[in-house]
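Chemist: Pasting in a structure now, in structure tokens, and then I'll have a few things to ask.
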Amino acid sequence: MKTYYTLFLFFFIVIVKSQTGFNVVYEADYNLIYKSQTKNAVVQDAAYALLMNDKESYYKNMNKYVGDSLRYEKKLHENSPLDEQMKYIAEFPENVGTTNAKFYVTLEMSDKYFRYEETNNMIWQLVNEYKKIGKYKCQKAVTKRYGRTWIAYFTKEIPFPFGPYKFNKLPGLILEVYDDKDDYHFTMYSFRKRKYYCKSANMHSNATLVKKEKVFDYQRKVLADPTLTNKFIADPEERNFINKKGQERAKLYNPIELKIY
């Protein structure tokens with residue numbers, strides 16, 4: 001039998017349609033350590049790029065960041081060898097644009113692209129606790145959001161109110177943020193000035209605009225969705241096996257957002 005993982009390659013093969021760029025002044029790169037299952041979880045990791053200027057930020061999986069750049073330059077395309085395309089897949093492929101007022105999220109679900117907007121009203125409680133992260137003095141802050149309690153450490157030495165994923169609105173860049181169960185733990189490992197225009201920031205700016213409710217907990221929906229299995233797997237026994245495994249993984253899925261807000 002083909003492996004269960006192979007099927008999900010089809011969820012991440014990207015066809016370039018249109019692009020929206022982003023004016024980059026600084027870039028912070030983060031490592032995420034996470035547990036995507038609630039039972040017998042294997043600890044995994046992924047890297048992310050946070051592109052910033054004075055007014056907004058753009059968060060993107062590092063594999064997609066590199067892969068989309070290659071696609072934009074036509075050095076990678078849908079006819080490239082599968083092992084080459086596999087280098088640029090991501091379990092969390094959503095892009096998050098952040099302004100002071102809103103989040104703008106683009107993501108893929110069941111081989112289609114969607115986008116939604118969300119009010120940026122994150123509120124933090126500052127805590128009189130400090131620690132050193134690298135060369136930066138960082139202060140602690142706590143918030144409750146998306147069904148989890150989050151602890152962040154930010155530094156006023158880098159005066160950007162941004163952070164990984166949707167975490168922002170602190171008086172300095174967030175260098176570390178994690179939930180109180182430590183299921184999702186972001187740590188910055190690089191910060192540098194870039195000053196360039198990223199033409200491939202959003203390769204799917206024409207994605208269908210929907211309410212967040214439609215795509216909330218999208219990974220669980222993708223795992224449980226038999227559409228692509230039925231489309232690409234001809235053998236009934238193999239198809240049933242993969243669909244059953246998908247249902248099992250969906251029940252145990254541990255998303256970063258447990259609640260919609």
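Letters for chains follow the order of the structure tokens (A, B, ...), residue numbers begin at 1 for each chain, and ligand numbers begin at 1 in the order shown.
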Skipping near chain neighbours, those fewer than 4 positions away, what residues fall within 12 Å of Ala224 of chain A using only C-alpha atoms, listed as an MDAnalysis selection string?

Modeler: chainID A and resid 8 109:110 217:220 228:229 242:253

Chemist: So, with only C-alpha atoms as the atoms that count, which of A:Phe92, A:Ala47, A:Thr227, A:Ser80 lies closest to Thr106 of chain A?

Modeler: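 Between A:Phe92, A:Ala47, A:Thr227, A:Ser80, the residue approaching Thr106 of chain A most closely is A:Phe92.
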
Chemist: As number ranges by chain, please: every residue in segment 30-217 of chain A that a backbone DSSP assignment puts in strand (DSSP E).

Modeler: A: 30-35, 43-52, 57-61, 95-98, 102-109, 112-119, 125-133, 136-145, 148-155, 173-179, 184-202, 208-209

Chemist: Which residues come within 8 Å of Gly163 of chain A, counting only C-alpha atoms, excluding same-chain residues fewer than 2 positions away, as a PyMOL selection string?

Modeler: chain A and resi 50+161+165-168+173-175

Chemist: Could you take the residues named above and write them with C-alpha atoms, as a compact mmCIF listing (two decimals), in the first residue's frame?

Modeler:
# COMPACT_ATOMS: atom_id res chain seq x y z
CA LEU A 50 7.90 37.06 9.78
CA PRO A 161 4.56 45.38 17.72
CA TYR A 165 1.28 33.75 13.74
CA LYS A 166 -1.36 36.26 14.98
CA PHE A 167 0.47 37.33 18.13
CA ASN A 168 1.02 41.10 18.19
CA LEU A 173 8.87 42.32 18.96
CA ILE A 174 7.77 38.97 20.41
CA LEU A 175 10.80 36.68 20.64

Chemist: Near segment 153-160 of chain A, within 9 Å and counting only C-alpha atoms, which residues show up once chain neighbours fewer than 6 positions away are dropped, as a VMD selection string?

Modeler: chain A and resid 52 to 55 130 to 131 133 136 to 142 168 to 177

Chemist: The selected residues should be written to file as a PDB file, in the first residue's frame (atoms: C-alpha atoms).

Modeler:
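Done, and the output landed in again20.pdb:
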ATOM      1  CA  MET A  52       7.834  43.401   8.679  1.00  0.00           C
ATOM      2  CA  ASN A  53       7.736  47.082   7.948  1.00  0.00           C
ATOM      3  CA  ASP A  54       6.609  50.004  10.100  1.00  0.00           C
ATOM      4  CA  LYS A  55       2.884  49.416   9.549  1.00  0.00           C
ATOM      5  CA  TYR A 130      12.019  39.539  32.691  1.00  0.00           C
ATOM      6  CA  LYS A 131      14.526  37.212  31.078  1.00  0.00           C
ATOM      7  CA  ILE A 133      16.712  35.794  25.112  1.00  0.00           C
ATOM      8  CA  TYR A 136      17.773  40.981  24.254  1.00  0.00           C
ATOM      9  CA  LYS A 137      16.103  41.815  27.564  1.00  0.00           C
ATOM     10  CA  CYS A 138      12.522  40.533  27.346  1.00  0.00           C
ATOM     11  CA  GLN A 139       9.397  41.143  29.415  1.00  0.00           C
ATOM     12  CA  LYS A 140       6.628  38.627  30.038  1.00  0.00           C
ATOM     13  CA  ALA A 141       3.016  39.081  28.890  1.00  0.00           C
ATOM     14  CA  VAL A 142      -0.046  36.818  29.062  1.00  0.00           C
ATOM     15  CA  ASN A 168       1.021  41.101  18.186  1.00  0.00           C
ATOM     16  CA  LYS A 169       0.131  44.408  19.896  1.00  0.00           C
ATOM     17  CA  LEU A 170       2.948  44.364  22.447  1.00  0.00           C
ATOM     18  CA  PRO A 171       5.400  47.303  22.784  1.00  0.00           C
ATOM     19  CA  GLY A 172       8.187  45.365  21.104  1.00  0.00           C
ATOM     20  CA  LEU A 173       8.871  42.321  18.955  1.00  0.00           C
ATOM     21  CA  ILE A 174       7.768  38.970  20.408  1.00  0.00           C
ATOM     22  CA  LEU A 175      10.803  36.684  20.636  1.00  0.00           C
ATOM     23  CA  GLU A 176       9.067  33.743  22.316  1.00  0.00           C
ATOM     24  CA  VAL A 177       5.423  32.705  22.733  1.00  0.00           C
TER      25      VAL A 177
END
